[in-house]
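Note: the block below is structure34.csv and it holds CSV, C-alpha atoms.
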chain,number,residue,atom,x,y,z
A,1,PRO,CA,-11.6,-11.8,-6.2
A,2,ALA,CA,-8.6,-13.1,-4.3
A,3,ALA,CA,-6.4,-13.1,-7.4
A,4,LEU,CA,-7.6,-9.7,-8.4
A,5,GLY,CA,-6.9,-8.3,-5.0
A,6,ILE,CA,-3.3,-9.7,-5.1
A,7,LEU,CA,-2.9,-8.2,-8.6
A,8,ALA,CA,-4.1,-4.8,-7.4
A,9,LEU,CA,-1.5,-4.8,-4.6
A,10,ALA,CA,1.2,-6.0,-6.9
A,11,CYS,CA,0.5,-3.2,-9.3
A,12,ALA,CA,0.4,-0.6,-6.6
A,13,GLU,CA,3.9,-1.7,-5.4
A,14,LEU,CA,5.3,-1.7,-8.9
A,15,THR,CA,4.1,1.8,-9.6
A,16,TRP,CA,6.8,3.1,-7.3
A,17,VAL,CA,9.3,0.3,-7.1
A,18,VAL,CA,10.0,0.3,-10.9
A,19,PRO,CA,10.3,4.1,-11.3
A,20,CYS,CA,12.4,4.3,-8.2
A,21,PHE,CA,14.8,1.7,-9.6
A,22,VAL,CA,15.0,3.5,-12.9
A,23,GLN,CA,15.6,6.8,-11.3
A,24,CYS,CA,18.3,5.4,-9.0
A,25,VAL,CA,20.1,4.0,-12.0
A,26,MET,CA,19.9,7.4,-13.8
A,27,VAL,CA,21.3,9.2,-10.8
A,28,PHE,CA,24.0,6.6,-10.4
A,29,PHE,CA,25.3,7.2,-13.9
A,30,GLY,CA,24.3,10.9,-14.3
A,31,GLY,CA,25.2,12.1,-10.8
A,32,HIS,CA,23.3,14.4,-8.5
A,33,ASP,CA,23.8,17.3,-10.9
A,34,GLY,CA,21.6,15.6,-13.5
A,35,PRO,CA,18.0,16.7,-13.9
A,36,TRP,CA,16.6,13.4,-12.6
A,37,ALA,CA,18.3,13.6,-9.2
A,38,PRO,CA,15.8,13.9,-6.3
A,39,ASP,CA,17.4,17.2,-5.2
A,40,GLN,CA,16.7,18.7,-8.6
A,41,GLU,CA,13.3,20.2,-9.5
A,42,ASP,CA,12.3,17.7,-12.2
A,43,GLY,CA,13.7,14.7,-10.4
A,44,CYS,CA,11.9,15.8,-7.2
A,45,ALA,CA,8.6,16.2,-8.9
A,46,PHE,CA,9.0,12.8,-10.6
A,47,GLN,CA,10.0,11.0,-7.5
A,48,GLY,CA,7.4,12.7,-5.3
A,49,PHE,CA,4.6,11.8,-7.7
A,50,TYR,CA,5.3,8.1,-8.0
A,51,SER,CA,6.2,7.8,-4.3
A,52,GLN,CA,3.0,9.3,-3.1
A,53,PHE,CA,0.9,7.6,-5.7
A,54,GLY,CA,2.4,4.2,-5.0
A,55,SER,CA,2.2,4.5,-1.2
A,56,LEU,CA,-1.4,5.6,-1.2
A,57,ALA,CA,-2.5,3.0,-3.7
A,58,GLY,CA,-0.6,0.3,-1.8
A,59,MET,CA,-2.2,1.2,1.5
A,60,MET,CA,-5.7,1.1,0.0
A,61,ALA,CA,-5.0,-2.1,-1.9
A,62,THR,CA,-3.9,-3.7,1.4
A,63,LEU,CA,-7.2,-2.7,2.9
A,64,GLN,CA,-8.9,-4.5,0.0
A,65,ILE,CA,-6.9,-7.6,0.7
A,66,ALA,CA,-7.7,-7.4,4.4
A,67,TYR,CA,-11.4,-7.2,3.6
A,68,ILE,CA,-11.2,-10.3,1.3
A,69,THR,CA,-9.3,-12.1,4.1
A,70,LEU,CA,-12.1,-11.2,6.5
A,71,LYS,CA,-14.7,-12.6,4.1
A,72,LEU,CA,-12.8,-15.8,3.6
A,73,ALA,CA,-12.1,-16.2,7.3
A,74,THR,CA,-15.8,-15.7,8.3
A,75,LYS,CA,-16.9,-17.9,5.4
A,76,THR,CA,-19.2,-15.3,4.0
A,77,GLU,CA,-19.7,-14.5,0.3
A,78,LEU,CA,-16.8,-12.7,-1.3
A,79,PRO,CA,-17.3,-9.5,-3.2
A,80,SER,CA,-17.8,-10.2,-6.9
A,81,SER,CA,-14.9,-9.8,-9.3
A,82,LYS,CA,-16.7,-6.8,-10.8
A,83,SER,CA,-16.8,-5.2,-7.4
A,84,VAL,CA,-13.1,-5.8,-6.8
A,85,ILE,CA,-12.2,-4.3,-10.2
A,86,CYS,CA,-14.4,-1.2,-9.6
A,87,SER,CA,-12.9,-0.7,-6.1
A,88,THR,CA,-9.4,-1.1,-7.6
A,89,ILE,CA,-10.1,1.5,-10.3
A,90,GLY,CA,-11.4,3.7,-7.5
A,91,LEU,CA,-8.4,3.4,-5.2
A,92,PHE,CA,-6.0,4.0,-8.0
A,93,GLY,CA,-8.0,6.9,-9.2
A,94,LEU,CA,-8.1,8.5,-5.8
A,95,ALA,CA,-4.3,8.0,-5.3
A,96,PHE,CA,-3.7,9.6,-8.8
A,97,VAL,CA,-5.8,12.7,-8.1
A,98,VAL,CA,-4.2,13.3,-4.7
A,99,SER,CA,-0.7,12.8,-6.1
A,100,LEU,CA,-1.5,15.1,-9.1
A,101,LEU,CA,-2.4,18.0,-6.9
A,102,PRO,CA,1.2,19.1,-6.0
A,103,LEU,CA,1.9,19.2,-9.7
A,104,VAL,CA,-0.9,21.7,-10.4
A,105,GLY,CA,-0.1,24.0,-7.5
A,106,VAL,CA,-1.8,22.5,-4.5
A,107,GLY,CA,1.2,22.1,-2.3
A,108,GLU,CA,4.4,20.8,-3.9
A,109,TYR,CA,6.8,17.9,-3.9
A,110,LYS,CA,9.8,18.8,-1.7
A,111,TYR,CA,13.2,17.3,-1.1
A,112,SER,CA,13.3,15.8,2.4
A,113,GLY,CA,16.9,16.6,2.9
A,114,GLU,CA,17.6,12.9,3.5
A,115,GLY,CA,17.8,11.5,0.0
A,116,PHE,CA,14.3,11.5,-1.5
A,117,CYS,CA,11.3,13.7,-2.4
A,118,TYR,CA,7.8,13.3,-1.2
A,119,THR,CA,4.8,15.5,-0.7
A,120,ASP,CA,5.2,18.7,1.4
A,121,PHE,CA,4.5,17.6,5.0
A,122,HIS,CA,3.9,21.2,6.0
A,123,ASN,CA,1.2,21.9,3.4
A,124,LYS,CA,-2.1,21.7,5.3
A,125,VAL,CA,-4.2,20.7,2.3
A,126,GLN,CA,-1.9,17.8,1.4
A,127,MET,CA,-1.6,16.7,5.0
A,128,SER,CA,-5.4,16.8,5.5
A,129,LEU,CA,-5.9,14.6,2.4
A,130,MET,CA,-3.2,12.2,3.5
A,131,ILE,CA,-4.7,12.0,7.0
A,132,LEU,CA,-8.2,11.4,5.7
A,133,ILE,CA,-7.0,8.5,3.6
A,134,THR,CA,-4.2,6.9,5.5
A,135,VAL,CA,-5.4,7.0,9.1
A,136,PRO,CA,-8.7,5.3,8.5
A,137,CYS,CA,-7.0,2.7,6.2
A,138,PHE,CA,-4.3,2.0,8.8
A,139,PHE,CA,-6.6,1.3,11.7
A,140,ALA,CA,-9.1,-0.5,9.5
A,141,VAL,CA,-6.5,-3.0,8.4
A,142,LEU,CA,-5.3,-3.5,11.9
A,143,GLY,CA,-8.8,-3.9,13.1
A,144,ILE,CA,-9.7,-6.5,10.5
A,145,TYR,CA,-6.5,-8.5,11.0
A,146,THR,CA,-7.0,-8.4,14.8
A,147,TYR,CA,-10.6,-9.7,14.4
A,148,VAL,CA,-9.4,-12.5,12.0
A,149,LEU,CA,-6.8,-13.5,14.6
A,150,ALA,CA,-9.1,-13.4,17.6
A,151,ARG,CA,-12.5,-14.4,16.3
A,152,THR,CA,-12.2,-16.6,13.2
A,153,GLU,CA,-11.0,-20.0,12.3
A,154,TRP,CA,-8.3,-18.8,9.9
A,155,GLN,CA,-5.7,-21.5,10.3
A,156,ASP,CA,-2.4,-19.7,9.6
A,157,LYS,CA,-2.5,-17.2,12.5
A,158,PHE,CA,1.2,-16.5,12.2
A,159,LEU,CA,0.7,-15.3,8.7
A,160,ILE,CA,-1.9,-12.7,9.8
A,161,ALA,CA,0.5,-11.6,12.6
A,162,LEU,CA,3.3,-11.2,10.0
A,163,MET,CA,1.0,-9.2,7.7
A,164,MET,CA,0.1,-7.0,10.6
A,165,ALA,CA,3.7,-6.5,11.6
A,166,GLY,CA,4.7,-5.7,8.0
A,167,TYR,CA,1.9,-3.2,7.6
A,168,VAL,CA,2.6,-1.5,10.9
A,169,ALA,CA,6.3,-1.3,10.2
A,170,GLY,CA,5.7,0.3,6.8
A,171,TRP,CA,3.5,3.1,8.2
A,172,ILE,CA,4.5,3.5,11.8
A,173,LEU,CA,6.5,6.6,11.2
A,174,TRP,CA,4.4,8.1,8.4
A,175,ILE,CA,1.2,8.3,10.5
A,176,PRO,CA,2.6,10.5,13.3
A,177,GLY,CA,4.7,12.3,10.7
A,178,LEU,CA,1.5,13.6,9.0
A,179,PHE,CA,0.4,15.1,12.3
A,180,ILE,CA,3.8,16.6,13.0
A,181,GLY,CA,3.7,18.2,9.6
A,182,ILE,CA,0.2,19.6,9.7
A,183,SER,CA,1.0,21.1,13.1
A,184,GLY,CA,4.1,22.8,11.7
A,185,GLY,CA,6.5,20.8,13.8
A,186,ALA,CA,10.1,19.8,13.0
A,187,TYR,CA,11.3,16.3,12.3
A,188,PRO,CA,14.2,14.7,14.1
A,189,THR,CA,17.3,14.0,12.0
A,190,GLY,CA,16.9,10.6,10.4
A,191,TYR,CA,13.1,10.5,10.7
A,192,MET,CA,12.4,10.8,7.0
A,193,ILE,CA,15.0,8.3,5.8
A,194,SER,CA,13.9,5.9,8.5
A,195,GLY,CA,10.3,6.0,7.3
A,196,ALA,CA,11.5,5.5,3.7
A,197,ILE,CA,13.6,2.5,4.7
A,198,LEU,CA,10.7,0.9,6.5
A,199,GLY,CA,8.4,1.6,3.6
A,200,HIS,CA,10.8,-0.1,1.2
A,201,ALA,CA,11.2,-3.0,3.6
A,202,GLN,CA,7.4,-3.6,3.6
A,203,ALA,CA,7.5,-3.6,-0.3
A,204,LEU,CA,10.3,-6.2,-0.1
A,205,ILE,CA,8.4,-8.7,2.1
A,206,ASN,CA,4.9,-8.2,0.6
A,207,PRO,CA,5.6,-10.5,-2.4
A,208,TYR,CA,6.3,-13.3,0.0
A,209,LEU,CA,3.6,-12.6,2.5
A,210,TYR,CA,0.8,-11.9,0.0
A,211,GLY,CA,1.9,-13.2,-3.4
A,212,TYR,CA,3.2,-16.5,-2.1
A,213,ARG,CA,2.1,-17.4,1.5
A,214,TRP,CA,-1.4,-15.7,1.6
A,215,ARG,CA,-2.3,-16.9,-1.9
A,216,ALA,CA,-1.1,-20.4,-1.1
A,217,HIS,CA,-3.1,-20.5,2.1
A,218,VAL,CA,-6.3,-19.3,0.4
A,219,ALA,CA,-5.9,-21.8,-2.5
A,220,GLU,CA,-5.3,-24.7,-0.1
A,221,ASN,CA,-8.1,-23.8,2.4
A,222,TYR,CA,-10.7,-21.9,0.5
A,223,GLY,CA,-10.3,-22.8,-3.1
A,224,HIS,CA,-12.8,-25.7,-3.4
A,225,GLU,CA,-16.4,-25.6,-4.2
A,226,GLY,CA,-18.9,-24.7,-1.5
A,227,LYS,CA,-17.0,-21.8,0.0
A,228,GLY,CA,-19.0,-19.2,-1.8
A,229,LEU,CA,-16.1,-18.0,-4.0
A,230,ILE,CA,-17.5,-16.0,-6.9
A,231,ASN,CA,-15.6,-16.0,-10.1
A,232,THR,CA,-15.8,-13.5,-12.9
A,233,PHE,CA,-19.0,-14.9,-14.3
A,234,GLY,CA,-20.8,-15.1,-10.9
A,235,ARG,CA,-20.5,-18.9,-10.5
A,236,THR,CA,-18.9,-20.8,-7.6
A,237,SER,CA,-15.5,-22.1,-8.8
A,238,GLU,CA,-12.3,-23.4,-7.5
A,239,SER,CA,-10.4,-21.4,-10.0
A,240,ASN,CA,-11.5,-18.2,-8.3
A,241,VAL,CA,-8.5,-17.7,-6.1
File written out as structure tokens:
Amino acid sequence: PAALGILALACAELTWVVPCFVQCVMVFFGGHDGPWAPDQEDGCAFQGFYSQFGSLAGMMATLQIAYITLKLATKTELPSSKSVICSTIGLFGLAFVVSLLPLVGVGEYKYSGEGFCYTDFHNKVQMSLMILITVPCFFAVLGIYTYVLARTEWQDKFLIALMMAGYVAGWILWIPGLFIGISGGAYPTGYMISGAILGHAQALINPYLYGYRWRAHVAENYGHEGKGLINTFGRTSESNV
């Protein structure tokens, strides 16, 4: 389950990092007059879709990792590999459906005016869906990590603090931005691009925090028999993490 959780988070990050890189290269060589530039219709729809999909999937995948962390820290039985696979399919499916809606007429992807496209922050349906998904996820992750810090014997407390800080930094502007948008408010100059920079920064440090440091800590402290780690076949195994 731990390895599957990391894989889900990595895939969620890649779904927007890779297309973003490809699109940036295309714009670099083709210029902003080309069809794939974010301020052009096709380029905006393309960037808006993978950006919203990747951010939603990444946020929910982080919640899944937080839950696995909680189960490890409290030394209770982990969810089965089958459960993690099912929840991963579910979170990717939900992110896909929500991100597909602007392409079929429920809102639209709009150019932010600050270099990139995302969902229409003033469309009430889109903002309602985003709020329903992101706000509970945001506070659930913070709540879980706070509990792990304060009430469990997880040894690397600094790692949990770093994971919390990275998560907060990535979403600290988007959460209030959703409420600004649904209320019809205006965004200060630089607000959107600042949120994008912080989101990219979170994706930059996540491979170190989760892919290296979190996984190494789990393998070192919870990877032996007797900790209730359930592998794909339902047996306790040190190869489970």
Nearest to Cys20 in chain A, chosen from A:Cys117, A:Ser112, A:Ser81, A:Ser99, with all atoms listed in the file counted in the distances: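 Nearest candidate to Cys20 in chain A out of A:Cys117, A:Ser112, A:Ser81, A:Ser99: A:Cys117.
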Expected residue set, 9 Å radius at (8.5, 13.3, -3.5), only C-alpha atoms, as a list in words: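 Counting only C-alpha atoms, I find these residues within 9 Å of (8.5, 13.3, -3.5): Pro38, Gly43, Cys44, Ala45, Phe46, Gln47, Gly48, Phe49, Tyr50, Ser51, Gln52, Glu108, Tyr109, Lys110, Tyr111, Ser112, Phe116, Cys117, Tyr118, Thr119 and Asp120 of chain A.
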Minimum-distance residue to Ser55 in chain A, chosen among A:Asn221, A:Thr189, A:Thr146, A:Thr134 (using only C-alpha atoms):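 Checking each of A:Asn221, A:Thr189, A:Thr146, A:Thr134 against Ser55 in chain A, counting only C-alpha atoms, the winner is A:Thr134.
Counting all atoms listed in the file, the residue from A:Trp174, A:Phe179, A:Leu78, A:Pro102 that sits nearest to Ile193 in chain A is A:Trp174.
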Using only C-alpha atoms, I'd like a table of the residues in range 139-177 of chain A that come within 7 Å of range 196-211 of chain A; for each, show the closest atom pair and its distance in Å rounded to one decimal, ordered by chain and ascending number, as a tab-separated table.
residue	atom	partner	partner_atom	distance
A:Met163	CA	A:Leu209	CA	6.7
A:Gly166	CA	A:Gln202	CA	5.6
A:Tyr167	CA	A:Gln202	CA	6.8
A:Ala169	CA	A:Leu198	CA	6.2
A:Gly170	CA	A:Gly199	CA	4.4
A:Trp171	CA	A:Gly199	CA	6.9
Neighbour list for Ile144 in chain A as a ChimeraX atom specification, cut-off 9 Å, all atoms listed in the file, skip fewer than 4 positions in-chain: /A:63,66-67,69-70,139-140,148-149
Coordinates-based distance that separates CA of Pro136 in chain A from CA of Tyr222 in chain A (Å, one decimal): 28.4 Å
One-decimal distance in Å that lies between CA of Val135 in chain A and CA of Ile175 in chain A: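 Distance between the two atoms: 6.9 Å.
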d(CA of Ile131 in chain A, CA of Gly190 in chain A) in Å: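 Between CA of Ile131 in chain A and CA of Gly190 in chain A the gap works out to 21.9 Å.
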9 Å contact set for Leu159 in chain A, only C-alpha atoms, chain neighbours under 5 positions out, as a PyMOL selection string: chain A and resi 164+209+213-214
